[in-house]
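Below is work_37.txt, holding compact mmCIF, C-alpha atoms.
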```
# COMPACT_ATOMS: atom_id res chain seq x y z
CA MET T 1 0.00 0.00 0.00
CA LYS T 2 1.25 3.47 -0.86
CA ASP T 3 1.63 6.38 1.61
CA MET T 4 1.41 4.17 4.69
CA ASP T 5 2.60 6.99 6.96
CA VAL T 6 -0.26 9.36 6.08
CA GLU T 7 -2.73 9.95 8.92
CA TYR T 8 -6.11 11.59 8.33
CA THR T 9 -8.66 13.28 10.53
CA PHE T 10 -12.06 11.72 9.96
CA HIS T 11 -15.08 13.82 10.95
CA CYS T 12 -18.28 11.82 11.29
CA TYR T 13 -21.31 10.67 13.21
CA ASP T 14 -20.76 7.27 14.79
CA HIS T 15 -24.26 6.07 13.88
CA CYS T 16 -24.14 7.14 10.22
CA PRO T 17 -23.85 4.21 7.79
CA PHE T 18 -22.23 6.46 5.19
CA GLY T 19 -19.47 7.46 7.57
CA ASN T 20 -19.09 3.81 8.54
CA ARG T 21 -18.34 2.99 4.90
CA VAL T 22 -15.22 5.11 5.02
CA ALA T 23 -14.17 3.97 8.48
CA PHE T 24 -14.56 0.30 7.55
CA LEU T 25 -12.51 0.75 4.37
CA MET T 26 -9.71 2.44 6.35
CA ASP T 27 -9.88 -0.22 9.06
CA LYS T 28 -9.70 -3.05 6.54
CA HIS T 29 -6.60 -1.67 4.88
CA GLY T 30 -4.80 -0.28 7.92
CA ILE T 31 -5.09 3.38 6.94
CA LEU T 32 -4.30 5.63 9.91
CA TYR T 33 -6.92 8.11 11.07
CA LYS T 34 -8.12 10.04 14.08
CA LYS T 35 -11.87 10.07 14.53
CA VAL T 36 -13.82 13.18 15.56
CA VAL T 37 -17.47 12.48 16.40
CA TYR T 38 -20.07 15.27 16.26
CA GLY T 39 -23.35 15.86 18.03
CA TYR T 40 -26.09 15.18 15.50
CA GLY T 41 -28.04 18.37 16.20
CA SER T 42 -25.02 20.67 15.99
CA GLY T 43 -24.88 22.83 12.92
CA GLU T 44 -26.43 26.24 13.48
CA PRO T 45 -24.54 28.59 11.13
CA ARG T 46 -22.52 31.67 11.86
CA SER T 47 -22.40 34.22 9.03
CA THR T 48 -19.03 35.67 9.98
CA CYS T 49 -15.43 35.20 8.96
CA CYS T 50 -13.37 34.48 12.05
CA PHE T 51 -10.60 32.41 13.53
CA SER T 52 -12.43 29.69 15.38
CA PRO T 53 -11.16 26.62 17.20
CA LEU T 54 -12.85 23.27 17.17
CA SER T 55 -12.76 22.45 20.87
CA SER T 56 -11.27 19.20 22.01
CA ARG T 57 -13.59 16.22 22.16
CA VAL T 58 -12.69 13.86 24.97
CA ASN T 59 -13.78 10.32 24.29
CA LYS T 60 -12.32 6.86 23.88
CA PHE T 61 -11.36 7.55 20.27
CA SER T 62 -9.33 10.75 20.34
CA PHE T 63 -8.22 13.87 22.15
CA PHE T 64 -7.00 16.74 20.09
CA VAL T 65 -7.70 20.32 19.08
CA LEU T 66 -8.04 21.62 15.52
CA HIS T 67 -7.68 25.28 14.55
CA PHE T 68 -8.54 26.92 11.28
CA GLN T 69 -9.78 30.08 9.62
CA GLN T 70 -12.89 29.62 7.56
CA PHE T 71 -15.70 31.71 6.13
CA VAL T 72 -18.99 30.18 7.18
CA PRO T 73 -21.86 31.06 4.83
CA PRO T 74 -25.29 31.53 6.40
CA ARG T 75 -28.28 29.20 6.53
CA GLN T 76 -26.67 25.88 5.74
CA GLY T 77 -27.33 23.71 8.76
CA ALA T 78 -29.59 22.80 11.66
CA LEU T 79 -30.85 26.36 12.11
CA PRO T 80 -33.52 26.47 14.83
CA GLU T 81 -35.61 29.12 13.10
CA ASP T 82 -35.78 26.86 10.04
CA CYS T 83 -36.21 23.64 12.02
CA GLU T 84 -39.13 24.53 14.30
CA GLY T 85 -36.71 25.32 17.10
CA GLU T 86 -34.53 22.25 16.63
CA GLY T 87 -30.73 22.25 16.21
CA TYR T 88 -28.04 24.27 17.95
CA ASP T 89 -24.57 25.76 17.53
CA GLY T 90 -22.31 23.14 19.08
CA LYS T 91 -18.64 23.44 19.97
CA LEU T 92 -18.00 20.89 17.23
CA ASN T 93 -19.82 22.21 14.18
CA PRO T 94 -19.64 20.38 10.83
CA ARG T 95 -20.32 23.62 8.96
CA THR T 96 -16.78 24.75 9.74
CA LEU T 97 -15.47 21.98 7.48
CA THR T 98 -17.38 22.49 4.22
CA GLY T 99 -19.93 25.23 4.94
CA LYS T 100 -22.73 22.68 5.32
CA LYS T 101 -24.14 20.42 7.98
CA GLN T 102 -22.63 17.48 6.14
CA LEU T 103 -20.65 14.49 7.37
CA PRO T 104 -18.54 12.42 6.88
CA VAL T 105 -15.62 14.64 5.94
CA LEU T 106 -12.01 13.54 5.46
CA GLN T 107 -9.26 16.02 6.30
CA GLY T 108 -5.51 15.75 5.84
CA ASP T 109 -2.49 16.43 3.69
CA GLY T 110 -3.20 15.71 0.05
CA VAL T 111 -6.98 15.44 0.44
CA PRO T 112 -8.70 17.37 -2.40
CA THR T 113 -11.06 20.09 -1.20
CA ALA T 114 -13.52 22.50 -2.77
CA PRO T 115 -12.77 26.24 -2.55
CA GLY T 116 -13.37 27.44 1.00
CA ALA T 117 -13.57 23.92 2.45
CA ILE T 118 -10.95 22.24 4.65
CA GLY T 119 -12.05 18.68 4.03
CA MET T 120 -13.63 16.31 1.52
CA PRO T 121 -17.29 15.21 1.93
CA GLU T 122 -19.35 12.38 0.37
CA SER T 123 -18.58 8.84 1.52
CA LEU T 124 -18.16 7.17 -1.87
CA GLU T 125 -15.96 9.98 -3.17
CA ILE T 126 -13.79 9.66 -0.07
CA CYS T 127 -13.55 5.90 -0.61
CA SER T 128 -12.60 6.43 -4.24
CA PHE T 129 -9.90 8.92 -3.26
CA LEU T 130 -8.45 6.57 -0.64
CA ILE T 131 -8.42 3.63 -3.04
CA GLY T 132 -6.59 5.67 -5.66
CA ARG T 133 -4.14 7.40 -3.36
CA HIS T 134 -3.10 4.30 -1.43
CA GLY T 135 -3.25 1.86 -4.33
CA LEU T 136 -5.79 -0.35 -2.55
CA SER T 137 -7.14 -3.52 -4.07
CA VAL T 138 -10.87 -2.93 -3.62
CA PRO T 139 -13.03 -4.42 -6.38
CA CYS T 140 -15.81 -2.09 -7.52
CA ALA T 141 -19.47 -2.65 -6.67
CA THR T 142 -20.96 -5.37 -8.85
CA GLY T 143 -24.61 -4.44 -8.78
CA ARG T 144 -25.41 -8.09 -7.99
CA ALA T 145 -29.18 -8.45 -8.13
CA ASP T 146 -29.32 -10.82 -5.16
CA VAL T 147 -27.24 -8.53 -2.95
CA ASP T 148 -29.17 -5.44 -4.06
CA ALA T 149 -32.47 -7.18 -3.26
CA PHE T 150 -31.19 -8.16 0.17
CA VAL T 151 -30.03 -4.61 0.96
CA ARG T 152 -33.33 -3.15 -0.25
CA SER T 153 -35.19 -5.49 2.08
CA LEU T 154 -33.04 -4.32 5.00
CA LEU T 155 -33.72 -0.69 4.10
CA ASP T 156 -37.49 -1.08 3.98
CA LYS T 157 -38.40 2.14 5.79
CA ASN T 158 -41.35 0.47 7.48
CA VAL T 159 -38.96 -2.00 9.14
CA MET T 160 -35.49 -0.46 9.46
CA ASN T 161 -36.73 2.93 10.66
CA PRO T 162 -39.05 1.86 13.50
CA LEU T 163 -36.56 -0.78 14.64
CA THR T 164 -33.52 1.50 14.74
CA LEU T 165 -34.28 5.25 14.71
CA THR T 166 -35.13 5.45 18.41
CA ARG T 167 -32.79 2.65 19.50
CA LEU T 168 -29.80 4.39 17.92
CA THR T 169 -30.28 7.35 20.26
CA LYS T 170 -29.77 5.00 23.22
CA MET T 171 -26.26 4.06 22.09
CA PRO T 172 -23.43 5.64 24.17
CA VAL T 173 -21.82 7.69 21.42
CA PRO T 174 -21.12 11.44 21.15
CA ASP T 175 -23.81 11.75 18.46
CA TRP T 176 -26.36 11.98 21.29
CA ASP T 177 -24.41 13.70 24.09
CA ASP T 178 -26.77 16.68 24.09
CA PRO T 179 -30.53 16.10 24.48
CA ARG T 180 -30.97 18.43 21.50
CA ASP T 181 -29.14 15.89 19.34
CA VAL T 182 -31.87 13.34 20.02
CA SER T 183 -34.63 15.90 19.65
CA TYR T 184 -33.28 17.09 16.30
CA HIS T 185 -32.85 13.51 15.05
CA LEU T 186 -36.41 12.50 15.90
CA TRP T 187 -37.86 15.78 14.60
CA LYS T 188 -35.99 15.45 11.29
CA HIS T 189 -37.24 11.92 10.64
CA ALA T 190 -40.78 12.66 11.77
CA LYS T 191 -40.81 15.64 9.42
CA LYS T 192 -39.93 13.28 6.56
CA GLY T 193 -42.78 10.99 7.53
CA ASP T 194 -40.54 8.27 8.94
CA ILE T 195 -41.82 5.96 11.67
CA CYS T 196 -39.42 6.35 14.58
CA ALA T 197 -40.76 3.40 16.61
CA PHE T 198 -43.49 0.80 16.45
CA GLU T 199 -46.68 1.58 18.33
CA SER T 200 -46.52 -1.55 20.46
CA PRO T 201 -43.90 -3.98 21.80
CA ARG T 202 -45.78 -6.76 20.02
CA GLU T 203 -45.27 -5.12 16.61
CA ASP T 204 -41.62 -4.54 17.45
CA ALA T 205 -41.12 -8.18 18.45
CA ARG T 206 -42.77 -9.45 15.26
CA ALA T 207 -40.51 -7.24 13.16
CA ILE T 208 -37.40 -8.60 14.90
CA VAL T 209 -38.50 -12.19 14.25
CA ALA T 210 -39.07 -11.39 10.56
CA LEU T 211 -35.72 -9.63 10.31
CA ASN T 212 -33.90 -12.58 11.86
CA GLU T 213 -35.50 -14.83 9.26
CA LYS T 214 -34.32 -12.48 6.51
CA LEU T 215 -30.76 -12.49 7.87
CA GLN T 216 -30.64 -16.25 7.41
CA GLU T 217 -30.38 -15.56 3.66
CA LEU T 218 -27.06 -13.76 4.04
CA PRO T 219 -24.63 -16.72 4.24
CA ALA T 220 -25.77 -17.93 0.81
CA LEU T 221 -24.88 -14.50 -0.61
CA MET T 222 -21.32 -14.66 0.71
CA LEU T 223 -19.54 -16.33 -2.18
CA GLY T 224 -16.03 -15.42 -1.06
CA ASP T 225 -13.90 -16.21 1.98
CA GLY T 226 -15.36 -13.80 4.53
CA CYS T 227 -16.79 -11.51 1.88
CA LEU T 228 -19.55 -11.26 -0.70
CA ASN T 229 -17.54 -12.08 -3.83
CA PRO T 230 -15.00 -14.84 -4.61
CA TRP T 231 -12.44 -12.31 -5.88
CA GLY T 232 -12.21 -10.61 -2.51
CA TRP T 233 -13.46 -7.95 -0.12
CA GLY T 234 -14.68 -4.94 -2.09
CA MET T 235 -17.20 -2.15 -2.43
CA ASP T 236 -20.16 -4.53 -2.17
CA ASP T 237 -18.94 -5.25 1.36
CA VAL T 238 -18.26 -1.57 2.07
CA ILE T 239 -21.89 -0.79 1.24
CA LEU T 240 -23.50 -3.73 3.08
CA LEU T 241 -21.53 -3.85 6.33
CA PRO T 242 -22.68 -0.47 7.75
CA TRP T 243 -26.32 -1.52 7.48
CA LEU T 244 -25.59 -4.77 9.29
CA ARG T 245 -23.76 -2.85 12.00
CA ARG T 246 -26.80 -0.60 12.43
CA LEU T 247 -28.93 -3.64 13.24
CA THR T 248 -26.70 -4.52 16.19
CA CYS T 249 -28.45 -1.87 18.30
CA ILE T 250 -31.51 -4.16 18.36
CA LYS T 251 -31.72 -6.53 21.30
CA GLY T 252 -32.73 -9.95 20.04
CA ILE T 253 -31.18 -9.67 16.59
CA GLU T 254 -29.50 -12.92 15.56
CA PHE T 255 -26.82 -13.07 12.89
CA PRO T 256 -26.15 -16.42 11.21
CA LYS T 257 -22.95 -18.35 11.84
CA GLY T 258 -20.03 -16.70 10.08
CA VAL T 259 -21.72 -13.31 9.65
CA GLU T 260 -20.52 -11.98 13.02
CA THR T 261 -16.97 -12.90 12.01
CA TYR T 262 -17.50 -11.07 8.71
CA MET T 263 -18.67 -8.00 10.61
CA SER T 264 -15.89 -8.09 13.21
CA ALA T 265 -13.16 -7.72 10.55
CA VAL T 266 -13.87 -3.98 10.48
CA GLY T 267 -15.03 -1.32 12.93
CA ALA T 268 -11.92 -0.75 15.04
CA GLN T 269 -13.08 2.75 15.97
CA VAL T 270 -16.83 2.34 16.28
CA VAL T 271 -18.72 1.52 19.46
CA ASN T 272 -19.94 -2.07 19.74
CA TYR T 273 -23.69 -1.51 19.73
CA ALA T 274 -24.34 -5.16 20.55
CA GLN T 275 -23.04 -4.53 24.07
CA HIS T 276 -25.69 -1.82 24.54
CA ALA T 277 -28.54 -3.24 22.45
CA VAL T 278 -32.10 -2.33 23.47
```

Translate this structure into C-alpha cells?
Amino acid sequence: MKDMDVEYTFHCYDHCPFGNRVAFLMDKHGILYKKVVYGYGSGEPRSTCCFSPLSSRVNKFSFFVLHFQQFVPPRQGALPEDCEGEGYDGKLNPRTLTGKKQLPVLQGDGVPTAPGAIGMPESLEICSFLIGRHGLSVPCATGRADVDAFVRSLLDKNVMNPLTLTRLTKMPVPDWDDPRDVSYHLWKHAKKGDICAFESPREDARAIVALNEKLQELPALMLGDGCLNPWGWGMDDVILLPWLRRLTCIKGIEFPKGVETYMSAVGAQVVNYAQHAV
C-alpha cells in the first residue's frame, strides 16, 4: 500500500452508515486516522469570517484540538428558526469543514477540497480517493441483483426505521451527548414521515423475528472467503456492512454463523452496539 505513513482526521457521526463505509474501508486496509465524532443536532450557522477553534472532544477515540480560519456562509445547517426550534450551535460544528451540515468529511495532507472547504465530503468519493491514493485492491461494486435485493429489504423504511431510529439514540456515542441531538434527530425523521418506533412492543417483536428470518439468507450470498464475492473484499462489502452494523443496536437480533466474524473484521473505531442493544 502506498503512503502508509499518512494519517487523516475523519469527521463523522458514529451512527451514520455512510461514515461507517469510510471507516470500515480504512480499518480493513490499515489506513491511519483520528476520529472526531459530532453531536447530530449541531450545525447552526454563523455568518461571519473568524478564527475559530474546534474544541477538544474527549472520548475513547481521540483527544486533540483543531484550529482553522474559515468563512462560514449563512443558513446551511440545523438552524432552529428553520427547524421549528430544533438544532443548535455546538462546539464541534460540521459547517466549519465544508460550509454545510454534512458528514462524513475527510481532512488531511493531500486530500482534495472545494474552494473554502478544509475537508472532503461524500462517503463514496472519499472511498474512491483513498483507493486511488493508497493503491488499494478494492473491487468495484458489482450491482449483484441478489445482494441489491437483500439490501433493499433491510432498508425497507417500514422496518429499518421503527426498529432503529429510536434505538440508535440509546447508544453511548457522542452523536447523542446533548438532548438536543436526540430531539433534532427525531424531529428530522418525523418531518420526513418516517416511523421512529413501532406503536406496540408486540409489533416490534414481530418485526425482529421477521428480520432474523431475513438475515438467514445472508450466508448464501457470501460467495467469497469472509466476503460477498469470490475475488475478494470490495465495495459490495463496504456498502452492506454499515447496514448490518446498524442492526446490532436491536436486542434480540440474531446473525447467522459466520456473519458476526465477517462484521468483526472492520469497525476498530466504532462503538460495539451489541453490548448496549435495546

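Closest approach to Met4 in chain T from the set T:Gly30, T:Pro94, T:Gly143, T:Gly116 is made by T:Gly30, with distances taken over all atoms listed in the file.
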
inquiry  = Given all atoms listed in the file as the basis, pick out the residue of T:Asp194, T:Glu260, T:Asp177, T:Asp237 nearest to Leu215 in chain T.
reply    =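 Smallest separation from Leu215 in chain T among the options: T:Glu260.
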
Please put the answer as JSON: centre and edge lengths, in Å with one decimal, of a box along x, y and z that encloses all listed atoms of range 150-160 of chain T plus 8 Å on each side.
```
{"center_x": -35.7, "center_y": -3.0, "center_z": 4.6, "size_x": 27.3, "size_y": 26.3, "size_z": 25.7}
```

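The coordinates place CA of Cys16 in chain T at 25.6 Å from CA of Lys257 in chain T.
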
request  = Write out as a list in words the residues lying within 12 Å of range 150-153 of chain T, counting all atoms listed in the file and excluding same-chain residues fewer than 6 positions away.
outcome  =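 The filter keeps Gly143, Arg144, Val159, Met160, Ala210, Leu211, Glu213, Lys214, Leu215, Gln216, Glu217, Leu218, Pro219, Ala220, Leu221, Met222, Asp236, Asp237, Ile239, Leu240, Leu241, Pro242, Trp243 and Leu244 of chain T.
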
Expected answer as a PyMOL selection string: all residues with atoms within 12 Å of (-7.7, 1.0, 10.0), all atoms listed in the file = chain T and resi 4+6-8+10+20-35+265-270

inquiry  = For a cutoff of 10 Å around the file-coordinate point (-32.3, 4.3, 22.6), which residues qualify once you count all atoms listed in the file? I'd like the result as number ranges by chain.
reply    = T: 164-172, 176, 182, 249-250, 276-278

key: Distance in Å - CA of Tyr184 in chain T versus CA of Gly39 in chain T   =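 Going from CA of Tyr184 in chain T over to CA of Gly39 in chain T covers 10.2 Å.
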
ask   = What is the CA of Trp187 in chain T to CA of Pro121 in chain T distance in Å?
value = 24.2 Å

inquiry  = Between T:Glu122, T:Asp181, T:Glu86, T:Glu199, which residue has the minimum interatomic distance to Thr98 in chain T, considering only C-alpha atoms?
reply    = T:Glu122

task = Pick out the closest residue to Gly193 in chain T from this set: T:Lys100, T:Lys157, T:Lys2, T:Arg180. Count all atoms listed in the file.
result =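 Among the listed residues, the smallest separation from Gly193 in chain T belongs to T:Lys157.
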
request  = Can you pull out every residue within 12 Å of Glu125 in chain T, counting all atoms listed in the file, but drop anything in the same chain fewer than 4 positions away, and send it as a count of residues only?
outcome  = 17

query = Which residue gives the smallest distance to Glu254 in chain T among T:Ser183, T:Gln107, T:Ser42, T:Asn212, with all atoms listed in the file counted?
reply =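 That would be T:Asn212, the residue with the smallest distance to Glu254 in chain T.
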
Return as JSON lines the residues of range 96-174 of chain T lying at most 12 Å from range 229-233 of chain T, together with the closest atom-to-atom pair for each and the distance in Å to one decimal, counting all atoms listed in the file, with rows in chain order and ascending residue number.
```
{"residue": "T:Leu136", "atom": "CA", "partner": "T:Trp233", "partner_atom": "CA", "distance": 11.1}
{"residue": "T:Ser137", "atom": "CA", "partner": "T:Trp233", "partner_atom": "CA", "distance": 8.7}
{"residue": "T:Val138", "atom": "CA", "partner": "T:Trp233", "partner_atom": "CA", "distance": 6.6}
{"residue": "T:Pro139", "atom": "CA", "partner": "T:Trp233", "partner_atom": "CA", "distance": 7.2}
{"residue": "T:Cys140", "atom": "CA", "partner": "T:Trp233", "partner_atom": "CA", "distance": 9.7}
{"residue": "T:Ala141", "atom": "CA", "partner": "T:Asn229", "partner_atom": "CA", "distance": 10.0}
{"residue": "T:Thr142", "atom": "CA", "partner": "T:Asn229", "partner_atom": "CA", "distance": 9.1}
{"residue": "T:Gly143", "atom": "CA", "partner": "T:Asn229", "partner_atom": "CA", "distance": 11.5}
{"residue": "T:Arg144", "atom": "CA", "partner": "T:Asn229", "partner_atom": "CA", "distance": 9.8}
{"residue": "T:Asp146", "atom": "CA", "partner": "T:Asn229", "partner_atom": "CA", "distance": 11.9}
{"residue": "T:Val147", "atom": "CA", "partner": "T:Asn229", "partner_atom": "CA", "distance": 10.4}
```

query = Looking at only C-alpha atoms, which of T:Asp204, T:Ile126, T:Arg246, T:Tyr38 is the one that sits closest to Asp89 in chain T?
reply =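 Using only C-alpha atoms, Asp89 in chain T sits closest to T:Tyr38.
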
File output for range 83-171 of chain T (C-alpha atoms) as a PDB file, in the first residue's frame:
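Final file, selection.pdb:
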```pdb
ATOM      1  CA  CYS T  83     -36.215  23.644  12.020  1.00  0.00           C
ATOM      2  CA  GLU T  84     -39.129  24.534  14.299  1.00  0.00           C
ATOM      3  CA  GLY T  85     -36.715  25.321  17.103  1.00  0.00           C
ATOM      4  CA  GLU T  86     -34.525  22.250  16.627  1.00  0.00           C
ATOM      5  CA  GLY T  87     -30.729  22.253  16.207  1.00  0.00           C
ATOM      6  CA  TYR T  88     -28.042  24.269  17.948  1.00  0.00           C
ATOM      7  CA  ASP T  89     -24.572  25.757  17.534  1.00  0.00           C
ATOM      8  CA  GLY T  90     -22.308  23.137  19.082  1.00  0.00           C
ATOM      9  CA  LYS T  91     -18.643  23.438  19.966  1.00  0.00           C
ATOM     10  CA  LEU T  92     -17.998  20.891  17.227  1.00  0.00           C
ATOM     11  CA  ASN T  93     -19.817  22.210  14.181  1.00  0.00           C
ATOM     12  CA  PRO T  94     -19.636  20.378  10.827  1.00  0.00           C
ATOM     13  CA  ARG T  95     -20.324  23.617   8.958  1.00  0.00           C
ATOM     14  CA  THR T  96     -16.776  24.746   9.738  1.00  0.00           C
ATOM     15  CA  LEU T  97     -15.473  21.976   7.485  1.00  0.00           C
ATOM     16  CA  THR T  98     -17.384  22.492   4.225  1.00  0.00           C
ATOM     17  CA  GLY T  99     -19.926  25.225   4.935  1.00  0.00           C
ATOM     18  CA  LYS T 100     -22.725  22.685   5.324  1.00  0.00           C
ATOM     19  CA  LYS T 101     -24.137  20.415   7.983  1.00  0.00           C
ATOM     20  CA  GLN T 102     -22.633  17.476   6.138  1.00  0.00           C
ATOM     21  CA  LEU T 103     -20.648  14.492   7.374  1.00  0.00           C
ATOM     22  CA  PRO T 104     -18.543  12.420   6.882  1.00  0.00           C
ATOM     23  CA  VAL T 105     -15.624  14.642   5.941  1.00  0.00           C
ATOM     24  CA  LEU T 106     -12.007  13.540   5.464  1.00  0.00           C
ATOM     25  CA  GLN T 107      -9.260  16.020   6.297  1.00  0.00           C
ATOM     26  CA  GLY T 108      -5.512  15.751   5.840  1.00  0.00           C
ATOM     27  CA  ASP T 109      -2.488  16.426   3.690  1.00  0.00           C
ATOM     28  CA  GLY T 110      -3.204  15.715   0.053  1.00  0.00           C
ATOM     29  CA  VAL T 111      -6.976  15.445   0.442  1.00  0.00           C
ATOM     30  CA  PRO T 112      -8.704  17.373  -2.396  1.00  0.00           C
ATOM     31  CA  THR T 113     -11.062  20.094  -1.201  1.00  0.00           C
ATOM     32  CA  ALA T 114     -13.522  22.503  -2.773  1.00  0.00           C
ATOM     33  CA  PRO T 115     -12.769  26.244  -2.550  1.00  0.00           C
ATOM     34  CA  GLY T 116     -13.372  27.437   1.001  1.00  0.00           C
ATOM     35  CA  ALA T 117     -13.568  23.922   2.452  1.00  0.00           C
ATOM     36  CA  ILE T 118     -10.948  22.244   4.648  1.00  0.00           C
ATOM     37  CA  GLY T 119     -12.051  18.681   4.028  1.00  0.00           C
ATOM     38  CA  MET T 120     -13.630  16.310   1.517  1.00  0.00           C
ATOM     39  CA  PRO T 121     -17.288  15.210   1.932  1.00  0.00           C
ATOM     40  CA  GLU T 122     -19.350  12.376   0.373  1.00  0.00           C
ATOM     41  CA  SER T 123     -18.580   8.841   1.521  1.00  0.00           C
ATOM     42  CA  LEU T 124     -18.161   7.169  -1.871  1.00  0.00           C
ATOM     43  CA  GLU T 125     -15.963   9.984  -3.168  1.00  0.00           C
ATOM     44  CA  ILE T 126     -13.793   9.661  -0.067  1.00  0.00           C
ATOM     45  CA  CYS T 127     -13.553   5.897  -0.608  1.00  0.00           C
ATOM     46  CA  SER T 128     -12.605   6.428  -4.240  1.00  0.00           C
ATOM     47  CA  PHE T 129      -9.902   8.921  -3.258  1.00  0.00           C
ATOM     48  CA  LEU T 130      -8.454   6.575  -0.640  1.00  0.00           C
ATOM     49  CA  ILE T 131      -8.417   3.627  -3.040  1.00  0.00           C
ATOM     50  CA  GLY T 132      -6.586   5.669  -5.658  1.00  0.00           C
ATOM     51  CA  ARG T 133      -4.141   7.403  -3.363  1.00  0.00           C
ATOM     52  CA  HIS T 134      -3.103   4.304  -1.435  1.00  0.00           C
ATOM     53  CA  GLY T 135      -3.247   1.857  -4.326  1.00  0.00           C
ATOM     54  CA  LEU T 136      -5.791  -0.346  -2.549  1.00  0.00           C
ATOM     55  CA  SER T 137      -7.140  -3.523  -4.074  1.00  0.00           C
ATOM     56  CA  VAL T 138     -10.870  -2.926  -3.621  1.00  0.00           C
ATOM     57  CA  PRO T 139     -13.034  -4.415  -6.380  1.00  0.00           C
ATOM     58  CA  CYS T 140     -15.813  -2.093  -7.523  1.00  0.00           C
ATOM     59  CA  ALA T 141     -19.468  -2.651  -6.672  1.00  0.00           C
ATOM     60  CA  THR T 142     -20.956  -5.366  -8.849  1.00  0.00           C
ATOM     61  CA  GLY T 143     -24.609  -4.444  -8.784  1.00  0.00           C
ATOM     62  CA  ARG T 144     -25.409  -8.088  -7.989  1.00  0.00           C
ATOM     63  CA  ALA T 145     -29.181  -8.454  -8.134  1.00  0.00           C
ATOM     64  CA  ASP T 146     -29.319 -10.815  -5.156  1.00  0.00           C
ATOM     65  CA  VAL T 147     -27.239  -8.528  -2.948  1.00  0.00           C
ATOM     66  CA  ASP T 148     -29.172  -5.444  -4.057  1.00  0.00           C
ATOM     67  CA  ALA T 149     -32.468  -7.176  -3.261  1.00  0.00           C
ATOM     68  CA  PHE T 150     -31.191  -8.160   0.170  1.00  0.00           C
ATOM     69  CA  VAL T 151     -30.031  -4.613   0.956  1.00  0.00           C
ATOM     70  CA  ARG T 152     -33.328  -3.155  -0.255  1.00  0.00           C
ATOM     71  CA  SER T 153     -35.188  -5.487   2.077  1.00  0.00           C
ATOM     72  CA  LEU T 154     -33.039  -4.321   5.000  1.00  0.00           C
ATOM     73  CA  LEU T 155     -33.715  -0.693   4.101  1.00  0.00           C
ATOM     74  CA  ASP T 156     -37.495  -1.077   3.980  1.00  0.00           C
ATOM     75  CA  LYS T 157     -38.398   2.136   5.787  1.00  0.00           C
ATOM     76  CA  ASN T 158     -41.351   0.465   7.480  1.00  0.00           C
ATOM     77  CA  VAL T 159     -38.965  -1.997   9.142  1.00  0.00           C
ATOM     78  CA  MET T 160     -35.489  -0.459   9.457  1.00  0.00           C
ATOM     79  CA  ASN T 161     -36.727   2.925  10.664  1.00  0.00           C
ATOM     80  CA  PRO T 162     -39.049   1.857  13.502  1.00  0.00           C
ATOM     81  CA  LEU T 163     -36.558  -0.777  14.635  1.00  0.00           C
ATOM     82  CA  THR T 164     -33.520   1.505  14.741  1.00  0.00           C
ATOM     83  CA  LEU T 165     -34.281   5.246  14.707  1.00  0.00           C
ATOM     84  CA  THR T 166     -35.132   5.447  18.407  1.00  0.00           C
ATOM     85  CA  ARG T 167     -32.785   2.647  19.499  1.00  0.00           C
ATOM     86  CA  LEU T 168     -29.801   4.393  17.918  1.00  0.00           C
ATOM     87  CA  THR T 169     -30.281   7.351  20.259  1.00  0.00           C
ATOM     88  CA  LYS T 170     -29.768   5.000  23.219  1.00  0.00           C
ATOM     89  CA  MET T 171     -26.261   4.063  22.092  1.00  0.00           C
TER      90      MET T 171
END
```
